[in-house]
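One structure is given below, encoded as structure tokens.
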Protein chains: 2
Amino acid sequence: MKDVPFTLELNAPDFIPSQYDKHIRRTLSAMKGQYSDQESYACLLAKEDSLLYEVYEVTRPELAGELLQGISIVHPGQVGDEYFMTKGHFHTVLDTAEVYICQKGQGVMVMETPEGDWAVEPLYPGCVLYVPPRWAHRSVNTSPDEDLVTFFVYPGNAGHDYGAIEEQGFRKLVVERNGQPTIIDNPRWSAPEVEK
Amino acid sequence: MKDVPFTLELNAPDFIPSQYDKHIRRTLSAMKGQYSDQESYACLLAKEDSLLYEVYEVTRPELAGELLQGISIVHPGQVGDEYFMTKGHFHTVLDTAEVYICQKGQGVMVMETPEGDWAVEPLYPGCVLYVPPRWAHRSVNTSPDEDLVTFFVYPGNAGHDYGAIEEQGFRKLVVERNGQPTIIDNPRWSAPEVEK
């Protein structure tokens, strides 16, 4: 761990950082239960445990004043009519934000709060997305043939909480309908219990 | 202040955000005492109070989990043989980092700690710079004719402390020597007093 300033390069066409500490690869088998069309999921998985997305991360101390940065690459593809996407997560320290700068491709970020508010924002080259504190987030690649590549920055103490999302998914799904990305309700999702 | 996700665009050639809350313009008169060659400074200022750099910032609550983001544009030029540069600052909350992603141009970031350690890192398109907690930072445009444009992200609670730098400047200056950017000692700088 260097405590001195350092630079890295993000070079086209892949934008893989010239140096990184972690390379996470998520294949179809890691997304069990996440796709709505479970028959298509089983069928695809029987053929091949395809690579869905990759994350290159630069490690820093997990402290509030530090920033974690890296590149996320979601490959193109579909499970049934649902696009390839990341698992998605809340930050463990819920009151922490994240900034995404899209480098390449076409997609959307699906987001929601613990209270059930939701939002879907576009991702395309030159686009910067602000995910405010408290919003869970998942990248979805809506291109038929191009990687979705984003550079991300978030506070060092944020952490990842996959549990809530793994249980019932996000409130909204992004699927292809008549050749277009379309937002639909997730039938598995149910509203959070509100304390009375 | 929106508490929902939002996007903005950074479009070539200027990369000015499609939406922002603050536009800071620093002219030559705001840099009094910062340039080593005070005669050249006075001479230039007598002709015109030129625009040296601009910052476009998106406002968010000044809290630890939030992230502040924006675009910094340092215009090309020199005061004597010293390149146009930003004032430079420590973060008021010293233990906070900053990430810079260079969008355009050629330059360097001059950095130092309160203890007197120093570093100079290059900035060019595709380059990402990590400024760790505790490092003061100043952008310097070393191009003869092009803007230096960087996108920055830092924690919402960081704040700016210009005082220490305004007093004696950074330890190192970046000047043109035989047509090349060259790092030299700042004659005004003296080592911090170490407690015994």
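To be explicit about the labels: the chains of the structure tokens are called A, B, and onward in the order shown, and within each one the residues are counted from 1, while ligands get numbers from 1 in the order they are shown.
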
Using only C-alpha atoms, determine which residues of chain B fall within 9 Å of chain A; present them as a ChimeraX atom specification.
-> /B:2-12,15,17,64-67,69,93-99,111,118-123,125-133,135,153-155,157-158

May I have the selected residues written with C-alpha atoms, as a compact mmCIF listing (two decimals), in the first residue's frame?
```
# COMPACT_ATOMS: atom_id res chain seq x y z
CA LYS B 2 -31.68 16.59 -5.16
CA ASP B 3 -31.64 13.47 -3.03
CA VAL B 4 -32.27 11.29 -6.05
CA PRO B 5 -29.70 9.95 -8.53
CA PHE B 6 -28.79 12.27 -11.38
CA THR B 7 -26.53 12.35 -14.42
CA LEU B 8 -24.55 15.07 -16.13
CA GLU B 9 -22.55 15.12 -19.35
CA LEU B 10 -18.91 15.96 -19.97
CA ASN B 11 -18.70 16.70 -23.67
CA ALA B 12 -15.61 17.42 -25.73
CA PHE B 15 -15.83 19.02 -20.88
CA PRO B 17 -20.52 19.74 -17.09
CA ALA B 64 -18.35 12.57 4.90
CA GLY B 65 -20.38 10.04 2.85
CA GLU B 66 -21.15 12.47 0.03
CA LEU B 67 -18.82 13.09 -2.92
CA GLN B 69 -17.35 16.39 -8.24
CA VAL B 93 -10.16 17.64 6.98
CA LEU B 94 -6.59 16.57 6.26
CA ASP B 95 -7.32 12.82 6.15
CA THR B 96 -9.35 13.00 2.92
CA ALA B 97 -8.21 11.89 -0.54
CA GLU B 98 -9.04 13.12 -4.05
CA VAL B 99 -9.23 11.40 -7.45
CA MET B 111 1.80 17.80 -4.18
CA TRP B 118 6.73 16.26 -2.11
CA ALA B 119 5.64 14.60 -5.35
CA VAL B 120 4.97 15.66 -8.93
CA GLU B 121 2.80 13.38 -11.11
CA PRO B 122 1.92 13.76 -14.81
CA LEU B 123 -1.58 14.55 -16.11
CA PRO B 125 -5.82 12.22 -21.24
CA GLY B 126 -6.72 8.77 -19.85
CA CYS B 127 -4.59 9.31 -16.76
CA VAL B 128 -6.12 8.85 -13.29
CA LEU B 129 -4.30 10.40 -10.33
CA TYR B 130 -4.81 9.38 -6.70
CA VAL B 131 -4.04 12.12 -4.20
CA PRO B 132 -3.90 10.28 -0.85
CA PRO B 133 -5.14 11.85 2.38
CA TRP B 135 -1.35 15.67 0.39
CA VAL B 153 -14.01 13.66 -6.99
CA TYR B 154 -13.42 14.21 -3.27
CA PRO B 155 -15.30 13.56 -0.01
CA ASN B 157 -16.61 16.98 4.19
CA ALA B 158 -13.04 17.66 2.89
```

Mobile chain B fitted to chain A over all in-order Cα pairs, reported as a PDB file with C-alpha atoms, in the first residue's frame:
```pdb
ATOM      1  CA  MET B   1      -0.012   0.006   0.043  1.00  0.00           C
ATOM      2  CA  LYS B   2       1.529   3.231  -1.160  1.00  0.00           C
ATOM      3  CA  ASP B   3       0.973   6.339   0.921  1.00  0.00           C
ATOM      4  CA  VAL B   4       2.304   8.537  -1.848  1.00  0.00           C
ATOM      5  CA  PRO B   5       0.404   9.887  -4.864  1.00  0.00           C
ATOM      6  CA  PHE B   6       0.210   7.581  -7.868  1.00  0.00           C
ATOM      7  CA  THR B   7      -1.257   7.521 -11.358  1.00  0.00           C
ATOM      8  CA  LEU B   8      -2.766   4.814 -13.510  1.00  0.00           C
ATOM      9  CA  GLU B   9      -3.931   4.787 -17.111  1.00  0.00           C
ATOM     10  CA  LEU B  10      -7.320   3.950 -18.596  1.00  0.00           C
ATOM     11  CA  ASN B  11      -6.633   3.235 -22.245  1.00  0.00           C
ATOM     12  CA  ALA B  12      -9.140   2.523 -24.987  1.00  0.00           C
ATOM     13  CA  PRO B  13     -10.505   0.170 -26.163  1.00  0.00           C
ATOM     14  CA  ASP B  14     -10.886  -1.757 -22.875  1.00  0.00           C
ATOM     15  CA  PHE B  15     -10.085   0.903 -20.234  1.00  0.00           C
ATOM     16  CA  ILE B  16      -8.569  -1.779 -17.964  1.00  0.00           C
ATOM     17  CA  PRO B  17      -6.446   0.156 -15.431  1.00  0.00           C
ATOM     18  CA  SER B  18      -2.692  -0.074 -16.100  1.00  0.00           C
ATOM     19  CA  GLN B  19      -2.368  -1.181 -12.476  1.00  0.00           C
ATOM     20  CA  TYR B  20      -4.892  -2.686 -10.090  1.00  0.00           C
ATOM     21  CA  ASP B  21      -4.980  -4.879  -6.976  1.00  0.00           C
ATOM     22  CA  LYS B  22      -8.155  -6.911  -7.432  1.00  0.00           C
ATOM     23  CA  HIS B  23      -9.745  -8.470 -10.521  1.00  0.00           C
ATOM     24  CA  ILE B  24     -13.212  -9.845  -9.801  1.00  0.00           C
ATOM     25  CA  ARG B  25     -14.878 -12.055 -12.454  1.00  0.00           C
ATOM     26  CA  ARG B  26     -18.563 -12.889 -12.082  1.00  0.00           C
ATOM     27  CA  THR B  27     -19.954 -15.711 -14.186  1.00  0.00           C
ATOM     28  CA  LEU B  28     -23.527 -16.855 -14.712  1.00  0.00           C
ATOM     29  CA  SER B  29     -23.339 -19.319 -11.778  1.00  0.00           C
ATOM     30  CA  ALA B  30     -22.683 -16.420  -9.355  1.00  0.00           C
ATOM     31  CA  MET B  31     -26.049 -14.884 -10.352  1.00  0.00           C
ATOM     32  CA  LYS B  32     -28.257 -17.766  -9.246  1.00  0.00           C
ATOM     33  CA  GLY B  33     -31.776 -16.514  -8.492  1.00  0.00           C
ATOM     34  CA  GLN B  34     -31.053 -13.027  -9.879  1.00  0.00           C
ATOM     35  CA  TYR B  35     -32.649 -13.431 -13.304  1.00  0.00           C
ATOM     36  CA  SER B  36     -36.404 -13.524 -13.623  1.00  0.00           C
ATOM     37  CA  ASP B  37     -36.517 -16.171 -16.369  1.00  0.00           C
ATOM     38  CA  GLN B  38     -35.132 -19.116 -14.404  1.00  0.00           C
ATOM     39  CA  GLU B  39     -35.677 -21.588 -17.225  1.00  0.00           C
ATOM     40  CA  SER B  40     -33.503 -19.550 -19.616  1.00  0.00           C
ATOM     41  CA  TYR B  41     -30.945 -19.172 -16.828  1.00  0.00           C
ATOM     42  CA  ALA B  42     -30.711 -22.938 -16.284  1.00  0.00           C
ATOM     43  CA  CYS B  43     -30.575 -23.568 -20.028  1.00  0.00           C
ATOM     44  CA  LEU B  44     -27.732 -21.069 -20.575  1.00  0.00           C
ATOM     45  CA  LEU B  45     -25.792 -22.323 -17.560  1.00  0.00           C
ATOM     46  CA  ALA B  46     -26.032 -25.913 -18.816  1.00  0.00           C
ATOM     47  CA  LYS B  47     -24.250 -24.797 -21.988  1.00  0.00           C
ATOM     48  CA  GLU B  48     -21.571 -22.579 -20.435  1.00  0.00           C
ATOM     49  CA  ASP B  49     -20.842 -20.671 -17.230  1.00  0.00           C
ATOM     50  CA  SER B  50     -20.381 -17.434 -19.213  1.00  0.00           C
ATOM     51  CA  LEU B  51     -18.498 -14.407 -17.938  1.00  0.00           C
ATOM     52  CA  LEU B  52     -21.058 -11.643 -17.224  1.00  0.00           C
ATOM     53  CA  TYR B  53     -18.957  -8.878 -15.737  1.00  0.00           C
ATOM     54  CA  GLU B  54     -15.554  -7.962 -14.359  1.00  0.00           C
ATOM     55  CA  VAL B  55     -14.332  -5.399 -11.850  1.00  0.00           C
ATOM     56  CA  TYR B  56     -10.773  -4.067 -11.582  1.00  0.00           C
ATOM     57  CA  GLU B  57     -10.220  -2.316  -8.275  1.00  0.00           C
ATOM     58  CA  VAL B  58      -7.358  -0.359  -6.748  1.00  0.00           C
ATOM     59  CA  THR B  59      -7.040  -1.217  -3.054  1.00  0.00           C
ATOM     60  CA  ARG B  60      -6.798   1.507  -0.408  1.00  0.00           C
ATOM     61  CA  PRO B  61      -7.339   1.417   3.357  1.00  0.00           C
ATOM     62  CA  GLU B  62     -11.053   1.018   4.106  1.00  0.00           C
ATOM     63  CA  LEU B  63     -11.307   4.396   5.840  1.00  0.00           C
ATOM     64  CA  ALA B  64     -13.831   7.212   5.431  1.00  0.00           C
ATOM     65  CA  GLY B  65     -11.371   9.749   3.944  1.00  0.00           C
ATOM     66  CA  GLU B  66      -9.940   7.333   1.378  1.00  0.00           C
ATOM     67  CA  LEU B  67     -11.499   6.729  -2.049  1.00  0.00           C
ATOM     68  CA  LEU B  68     -11.802   3.376  -3.796  1.00  0.00           C
ATOM     69  CA  GLN B  69     -11.645   3.465  -7.580  1.00  0.00           C
ATOM     70  CA  GLY B  70     -11.750   1.057 -10.462  1.00  0.00           C
ATOM     71  CA  ILE B  71     -13.275  -0.084 -13.703  1.00  0.00           C
ATOM     72  CA  SER B  72     -16.440  -2.157 -14.121  1.00  0.00           C
ATOM     73  CA  ILE B  73     -16.981  -4.032 -17.398  1.00  0.00           C
ATOM     74  CA  VAL B  74     -20.401  -5.600 -18.043  1.00  0.00           C
ATOM     75  CA  HIS B  75     -20.335  -7.799 -21.144  1.00  0.00           C
ATOM     76  CA  PRO B  76     -23.244  -7.784 -23.617  1.00  0.00           C
ATOM     77  CA  GLY B  77     -25.841 -10.546 -23.513  1.00  0.00           C
ATOM     78  CA  GLN B  78     -29.225 -11.590 -22.156  1.00  0.00           C
ATOM     79  CA  VAL B  79     -30.757 -14.236 -19.908  1.00  0.00           C
ATOM     80  CA  GLY B  80     -34.148 -14.670 -21.579  1.00  0.00           C
ATOM     81  CA  ASP B  81     -35.092 -11.061 -22.337  1.00  0.00           C
ATOM     82  CA  GLU B  82     -33.231  -9.619 -19.309  1.00  0.00           C
ATOM     83  CA  TYR B  83     -29.890  -7.959 -20.016  1.00  0.00           C
ATOM     84  CA  PHE B  84     -26.551  -8.951 -18.470  1.00  0.00           C
ATOM     85  CA  MET B  85     -26.061  -6.933 -15.264  1.00  0.00           C
ATOM     86  CA  THR B  86     -24.054  -6.749 -12.047  1.00  0.00           C
ATOM     87  CA  LYS B  87     -25.297  -8.282  -8.791  1.00  0.00           C
ATOM     88  CA  GLY B  88     -25.962  -4.825  -7.395  1.00  0.00           C
ATOM     89  CA  HIS B  89     -25.604  -3.808  -3.778  1.00  0.00           C
ATOM     90  CA  PHE B  90     -26.235  -1.311  -1.039  1.00  0.00           C
ATOM     91  CA  HIS B  91     -23.185   0.126   0.695  1.00  0.00           C
ATOM     92  CA  THR B  92     -22.771  -1.407   4.156  1.00  0.00           C
ATOM     93  CA  VAL B  93     -22.279   2.141   5.452  1.00  0.00           C
ATOM     94  CA  LEU B  94     -25.569   3.214   3.908  1.00  0.00           C
ATOM     95  CA  ASP B  95     -24.841   6.961   3.991  1.00  0.00           C
ATOM     96  CA  THR B  96     -22.099   6.796   1.349  1.00  0.00           C
ATOM     97  CA  ALA B  97     -22.367   7.925  -2.280  1.00  0.00           C
ATOM     98  CA  GLU B  98     -20.718   6.721  -5.496  1.00  0.00           C
ATOM     99  CA  VAL B  99     -19.721   8.452  -8.744  1.00  0.00           C
ATOM    100  CA  TYR B 100     -19.693   6.602 -12.087  1.00  0.00           C
ATOM    101  CA  ILE B 101     -18.083   7.966 -15.244  1.00  0.00           C
ATOM    102  CA  CYS B 102     -19.079   5.984 -18.318  1.00  0.00           C
ATOM    103  CA  GLN B 103     -16.144   5.255 -20.628  1.00  0.00           C
ATOM    104  CA  LYS B 104     -17.772   3.052 -23.259  1.00  0.00           C
ATOM    105  CA  GLY B 105     -21.003   1.341 -24.272  1.00  0.00           C
ATOM    106  CA  GLN B 106     -24.694   1.806 -23.591  1.00  0.00           C
ATOM    107  CA  GLY B 107     -26.605   0.869 -20.486  1.00  0.00           C
ATOM    108  CA  VAL B 108     -28.496   1.983 -17.432  1.00  0.00           C
ATOM    109  CA  MET B 109     -28.014   2.058 -13.673  1.00  0.00           C
ATOM    110  CA  VAL B 110     -30.962   0.594 -11.753  1.00  0.00           C
ATOM    111  CA  MET B 111     -31.209   2.050  -8.253  1.00  0.00           C
ATOM    112  CA  GLU B 112     -33.434   1.934  -5.191  1.00  0.00           C
ATOM    113  CA  THR B 113     -33.575   2.962  -1.544  1.00  0.00           C
ATOM    114  CA  PRO B 114     -34.402   0.712   1.424  1.00  0.00           C
ATOM    115  CA  GLU B 115     -37.814   2.472   1.501  1.00  0.00           C
ATOM    116  CA  GLY B 116     -38.633   1.308  -2.039  1.00  0.00           C
ATOM    117  CA  ASP B 117     -38.000   4.491  -4.057  1.00  0.00           C
ATOM    118  CA  TRP B 118     -36.492   3.581  -7.414  1.00  0.00           C
ATOM    119  CA  ALA B 119     -34.656   5.257 -10.293  1.00  0.00           C
ATOM    120  CA  VAL B 120     -33.145   4.222 -13.609  1.00  0.00           C
ATOM    121  CA  GLU B 121     -30.523   6.507 -15.189  1.00  0.00           C
ATOM    122  CA  PRO B 122     -28.775   6.141 -18.571  1.00  0.00           C
ATOM    123  CA  LEU B 123     -25.063   5.360 -19.004  1.00  0.00           C
ATOM    124  CA  TYR B 124     -23.190   6.324 -22.192  1.00  0.00           C
ATOM    125  CA  PRO B 125     -19.718   7.707 -22.946  1.00  0.00           C
ATOM    126  CA  GLY B 126     -19.178  11.154 -21.365  1.00  0.00           C
ATOM    127  CA  CYS B 127     -21.991  10.595 -18.876  1.00  0.00           C
ATOM    128  CA  VAL B 128     -21.336  11.041 -15.146  1.00  0.00           C
ATOM    129  CA  LEU B 129     -23.812   9.473 -12.716  1.00  0.00           C
ATOM    130  CA  TYR B 130     -24.189  10.477  -9.066  1.00  0.00           C
ATOM    131  CA  VAL B 131     -25.543   7.723  -6.831  1.00  0.00           C
ATOM    132  CA  PRO B 132     -26.479   9.549  -3.609  1.00  0.00           C
ATOM    133  CA  PRO B 133     -26.049   7.957  -0.179  1.00  0.00           C
ATOM    134  CA  ARG B 134     -28.683   5.250   0.579  1.00  0.00           C
ATOM    135  CA  TRP B 135     -29.248   4.149  -3.042  1.00  0.00           C
ATOM    136  CA  ALA B 136     -28.494   0.526  -4.023  1.00  0.00           C
ATOM    137  CA  HIS B 137     -27.168   0.308  -7.587  1.00  0.00           C
ATOM    138  CA  ARG B 138     -26.817  -2.228 -10.407  1.00  0.00           C
ATOM    139  CA  SER B 139     -25.271  -1.660 -13.870  1.00  0.00           C
ATOM    140  CA  VAL B 140     -27.148  -3.136 -16.839  1.00  0.00           C
ATOM    141  CA  ASN B 141     -25.628  -3.441 -20.327  1.00  0.00           C
ATOM    142  CA  THR B 142     -28.361  -2.784 -22.902  1.00  0.00           C
ATOM    143  CA  SER B 143     -26.106  -2.954 -25.966  1.00  0.00           C
ATOM    144  CA  PRO B 144     -26.412  -6.041 -28.190  1.00  0.00           C
ATOM    145  CA  ASP B 145     -22.686  -6.278 -28.869  1.00  0.00           C
ATOM    146  CA  GLU B 146     -20.544  -3.825 -26.888  1.00  0.00           C
ATOM    147  CA  ASP B 147     -19.110  -3.887 -23.353  1.00  0.00           C
ATOM    148  CA  LEU B 148     -20.458  -1.347 -20.845  1.00  0.00           C
ATOM    149  CA  VAL B 149     -17.392   0.185 -19.178  1.00  0.00           C
ATOM    150  CA  THR B 150     -17.619   2.565 -16.212  1.00  0.00           C
ATOM    151  CA  PHE B 151     -15.013   4.110 -13.912  1.00  0.00           C
ATOM    152  CA  PHE B 152     -16.238   4.338 -10.313  1.00  0.00           C
ATOM    153  CA  VAL B 153     -15.194   6.192  -7.159  1.00  0.00           C
ATOM    154  CA  TYR B 154     -16.654   5.619  -3.687  1.00  0.00           C
ATOM    155  CA  PRO B 155     -15.616   6.249  -0.073  1.00  0.00           C
ATOM    156  CA  GLY B 156     -13.101   3.784   1.375  1.00  0.00           C
ATOM    157  CA  ASN B 157     -15.351   2.802   4.296  1.00  0.00           C
ATOM    158  CA  ALA B 158     -18.499   2.133   2.181  1.00  0.00           C
ATOM    159  CA  GLY B 159     -18.422  -1.684   1.976  1.00  0.00           C
ATOM    160  CA  HIS B 160     -20.805  -3.867  -0.051  1.00  0.00           C
ATOM    161  CA  ASP B 161     -24.079  -5.283   1.233  1.00  0.00           C
ATOM    162  CA  TYR B 162     -25.391  -7.843  -1.274  1.00  0.00           C
ATOM    163  CA  GLY B 163     -27.804  -9.554   1.093  1.00  0.00           C
ATOM    164  CA  ALA B 164     -30.931  -7.450   0.674  1.00  0.00           C
ATOM    165  CA  ILE B 165     -30.696  -7.510  -3.132  1.00  0.00           C
ATOM    166  CA  GLU B 166     -29.901 -11.228  -3.384  1.00  0.00           C
ATOM    167  CA  GLU B 167     -33.079 -12.014  -1.478  1.00  0.00           C
ATOM    168  CA  GLN B 168     -35.648 -10.478  -3.814  1.00  0.00           C
ATOM    169  CA  GLY B 169     -33.724  -8.516  -6.443  1.00  0.00           C
ATOM    170  CA  PHE B 170     -34.325  -4.903  -7.404  1.00  0.00           C
ATOM    171  CA  ARG B 171     -37.833  -3.485  -7.689  1.00  0.00           C
ATOM    172  CA  LYS B 172     -37.421  -2.939 -11.433  1.00  0.00           C
ATOM    173  CA  LEU B 173     -36.016  -5.183 -14.169  1.00  0.00           C
ATOM    174  CA  VAL B 174     -34.596  -4.046 -17.495  1.00  0.00           C
ATOM    175  CA  VAL B 175     -35.625  -6.294 -20.367  1.00  0.00           C
ATOM    176  CA  GLU B 176     -35.706  -6.169 -24.154  1.00  0.00           C
ATOM    177  CA  ARG B 177     -39.200  -5.547 -25.596  1.00  0.00           C
ATOM    178  CA  ASN B 178     -39.577  -5.023 -29.364  1.00  0.00           C
ATOM    179  CA  GLY B 179     -35.827  -4.503 -29.594  1.00  0.00           C
ATOM    180  CA  GLN B 180     -35.814  -1.735 -26.965  1.00  0.00           C
ATOM    181  CA  PRO B 181     -34.646  -1.670 -23.317  1.00  0.00           C
ATOM    182  CA  THR B 182     -37.800  -1.509 -21.209  1.00  0.00           C
ATOM    183  CA  ILE B 183     -38.304  -1.104 -17.466  1.00  0.00           C
ATOM    184  CA  ILE B 184     -40.759  -3.548 -15.927  1.00  0.00           C
ATOM    185  CA  ASP B 185     -41.798  -4.515 -12.401  1.00  0.00           C
ATOM    186  CA  ASN B 186     -39.956  -7.380 -10.748  1.00  0.00           C
ATOM    187  CA  PRO B 187     -42.649  -9.916  -9.815  1.00  0.00           C
ATOM    188  CA  ARG B 188     -40.424 -11.258  -6.983  1.00  0.00           C
ATOM    189  CA  TRP B 189     -40.173  -7.858  -5.305  1.00  0.00           C
ATOM    190  CA  SER B 190     -42.380  -6.880  -2.379  1.00  0.00           C
ATOM    191  CA  ALA B 191     -42.552  -3.549  -0.549  1.00  0.00           C
ATOM    192  CA  PRO B 192     -40.466  -3.205   2.621  1.00  0.00           C
ATOM    193  CA  GLU B 193     -42.322  -3.519   5.887  1.00  0.00           C
ATOM    194  CA  VAL B 194     -42.871  -0.071   7.334  1.00  0.00           C
ATOM    195  CA  GLU B 195     -42.578   0.247  11.075  1.00  0.00           C
ATOM    196  CA  LYS B 196     -45.742   1.629  12.623  1.00  0.00           C
TER     197      LYS B 196
END
```

Could you write out, as a PDB file with N, CA, C and O atoms, in the first residue's frame, all the residues of chain A that DSSP marks as helix (DSSP H, G or I)?
```pdb
ATOM      1  N   LEU A  28     -22.096 -16.569 -14.822  1.00  0.00           N
ATOM      2  CA  LEU A  28     -23.530 -16.856 -14.714  1.00  0.00           C
ATOM      3  C   LEU A  28     -23.879 -17.574 -13.400  1.00  0.00           C
ATOM      4  O   LEU A  28     -24.882 -17.257 -12.751  1.00  0.00           O
ATOM      5  N   SER A  29     -23.023 -18.519 -12.982  1.00  0.00           N
ATOM      6  CA  SER A  29     -23.336 -19.318 -11.785  1.00  0.00           C
ATOM      7  C   SER A  29     -23.361 -18.464 -10.514  1.00  0.00           C
ATOM      8  O   SER A  29     -23.997 -18.837  -9.523  1.00  0.00           O
ATOM      9  N   ALA A  30     -22.686 -17.317 -10.530  1.00  0.00           N
ATOM     10  CA  ALA A  30     -22.679 -16.429  -9.356  1.00  0.00           C
ATOM     11  C   ALA A  30     -23.975 -15.625  -9.253  1.00  0.00           C
ATOM     12  O   ALA A  30     -24.200 -14.932  -8.261  1.00  0.00           O
ATOM     13  N   MET A  31     -24.815 -15.716 -10.289  1.00  0.00           N
ATOM     14  CA  MET A  31     -26.033 -14.888 -10.343  1.00  0.00           C
ATOM     15  C   MET A  31     -27.291 -15.726 -10.128  1.00  0.00           C
ATOM     16  O   MET A  31     -28.397 -15.303 -10.495  1.00  0.00           O
ATOM     17  N   GLN A  38     -36.015 -18.107 -14.991  1.00  0.00           N
ATOM     18  CA  GLN A  38     -35.122 -19.114 -14.405  1.00  0.00           C
ATOM     19  C   GLN A  38     -34.882 -20.294 -15.348  1.00  0.00           C
ATOM     20  O   GLN A  38     -33.848 -20.957 -15.271  1.00  0.00           O
ATOM     21  N   GLU A  39     -35.823 -20.503 -16.263  1.00  0.00           N
ATOM     22  CA  GLU A  39     -35.660 -21.575 -17.240  1.00  0.00           C
ATOM     23  C   GLU A  39     -34.528 -21.229 -18.214  1.00  0.00           C
ATOM     24  O   GLU A  39     -33.646 -22.048 -18.475  1.00  0.00           O
ATOM     25  N   SER A  40     -34.563 -19.999 -18.722  1.00  0.00           N
ATOM     26  CA  SER A  40     -33.493 -19.546 -19.621  1.00  0.00           C
ATOM     27  C   SER A  40     -32.142 -19.566 -18.901  1.00  0.00           C
ATOM     28  O   SER A  40     -31.114 -19.912 -19.490  1.00  0.00           O
ATOM     29  N   TYR A  41     -32.166 -19.171 -17.638  1.00  0.00           N
ATOM     30  CA  TYR A  41     -30.939 -19.168 -16.838  1.00  0.00           C
ATOM     31  C   TYR A  41     -30.340 -20.575 -16.765  1.00  0.00           C
ATOM     32  O   TYR A  41     -29.146 -20.783 -17.036  1.00  0.00           O
ATOM     33  N   ALA A  42     -31.185 -21.556 -16.437  1.00  0.00           N
ATOM     34  CA  ALA A  42     -30.721 -22.950 -16.299  1.00  0.00           C
ATOM     35  C   ALA A  42     -30.202 -23.482 -17.630  1.00  0.00           C
ATOM     36  O   ALA A  42     -29.169 -24.177 -17.690  1.00  0.00           O
ATOM     37  N   CYS A  43     -30.906 -23.114 -18.687  1.00  0.00           N
ATOM     38  CA  CYS A  43     -30.568 -23.574 -20.037  1.00  0.00           C
ATOM     39  C   CYS A  43     -29.205 -23.020 -20.471  1.00  0.00           C
ATOM     40  O   CYS A  43     -28.347 -23.757 -20.971  1.00  0.00           O
ATOM     41  N   LEU A  44     -28.999 -21.713 -20.237  1.00  0.00           N
ATOM     42  CA  LEU A  44     -27.725 -21.057 -20.581  1.00  0.00           C
ATOM     43  C   LEU A  44     -26.577 -21.646 -19.763  1.00  0.00           C
ATOM     44  O   LEU A  44     -25.500 -21.935 -20.282  1.00  0.00           O
ATOM     45  N   LEU A  45     -26.822 -21.827 -18.474  1.00  0.00           N
ATOM     46  CA  LEU A  45     -25.786 -22.316 -17.566  1.00  0.00           C
ATOM     47  C   LEU A  45     -25.370 -23.744 -17.934  1.00  0.00           C
ATOM     48  O   LEU A  45     -24.199 -24.111 -17.792  1.00  0.00           O
ATOM     49  N   ALA A  46     -26.339 -24.537 -18.424  1.00  0.00           N
ATOM     50  CA  ALA A  46     -26.040 -25.912 -18.833  1.00  0.00           C
ATOM     51  C   ALA A  46     -25.063 -25.924 -20.004  1.00  0.00           C
ATOM     52  O   ALA A  46     -24.229 -26.825 -20.142  1.00  0.00           O
ATOM     53  N   LYS A  47     -25.157 -24.898 -20.848  1.00  0.00           N
ATOM     54  CA  LYS A  47     -24.253 -24.800 -22.007  1.00  0.00           C
ATOM     55  C   LYS A  47     -22.873 -24.296 -21.585  1.00  0.00           C
ATOM     56  O   LYS A  47     -21.859 -24.851 -21.953  1.00  0.00           O
ATOM     57  N   GLY A 163     -26.752  -8.739   0.532  1.00  0.00           N
ATOM     58  CA  GLY A 163     -27.813  -9.570   1.098  1.00  0.00           C
ATOM     59  C   GLY A 163     -29.221  -9.167   0.700  1.00  0.00           C
ATOM     60  O   GLY A 163     -29.988  -9.975   0.170  1.00  0.00           O
ATOM     61  N   ALA A 164     -29.566  -7.918   0.923  1.00  0.00           N
ATOM     62  CA  ALA A 164     -30.933  -7.454   0.686  1.00  0.00           C
ATOM     63  C   ALA A 164     -31.327  -7.655  -0.783  1.00  0.00           C
ATOM     64  O   ALA A 164     -32.447  -8.053  -1.083  1.00  0.00           O
ATOM     65  N   ILE A 165     -30.400  -7.396  -1.695  1.00  0.00           N
ATOM     66  CA  ILE A 165     -30.690  -7.510  -3.129  1.00  0.00           C
ATOM     67  C   ILE A 165     -30.770  -8.978  -3.544  1.00  0.00           C
ATOM     68  O   ILE A 165     -31.643  -9.359  -4.332  1.00  0.00           O
ATOM     69  N   GLU A 166     -29.881  -9.794  -3.007  1.00  0.00           N
ATOM     70  CA  GLU A 166     -29.888 -11.216  -3.386  1.00  0.00           C
ATOM     71  C   GLU A 166     -31.210 -11.883  -3.036  1.00  0.00           C
ATOM     72  O   GLU A 166     -31.660 -12.805  -3.704  1.00  0.00           O
ATOM     73  N   GLU A 167     -31.851 -11.385  -1.967  1.00  0.00           N
ATOM     74  CA  GLU A 167     -33.079 -12.015  -1.481  1.00  0.00           C
ATOM     75  C   GLU A 167     -34.247 -11.882  -2.460  1.00  0.00           C
ATOM     76  O   GLU A 167     -34.903 -12.855  -2.787  1.00  0.00           O
ATOM     77  N   GLN A 168     -34.482 -10.661  -2.929  1.00  0.00           N
ATOM     78  CA  GLN A 168     -35.645 -10.474  -3.815  1.00  0.00           C
ATOM     79  C   GLN A 168     -35.355  -9.621  -5.042  1.00  0.00           C
ATOM     80  O   GLN A 168     -36.261  -9.300  -5.804  1.00  0.00           O
TER      81      GLN A 168
END
```

Using the chain letters and numbers from this document, which residues of stretch 36-123 of chain B does DSSP assign to strand (DSSP E or B), as a PyMOL selection string?
-> chain B and resi 51-58+67-74+78-79+82-83+85+89-90+98-104+107-112+118-123
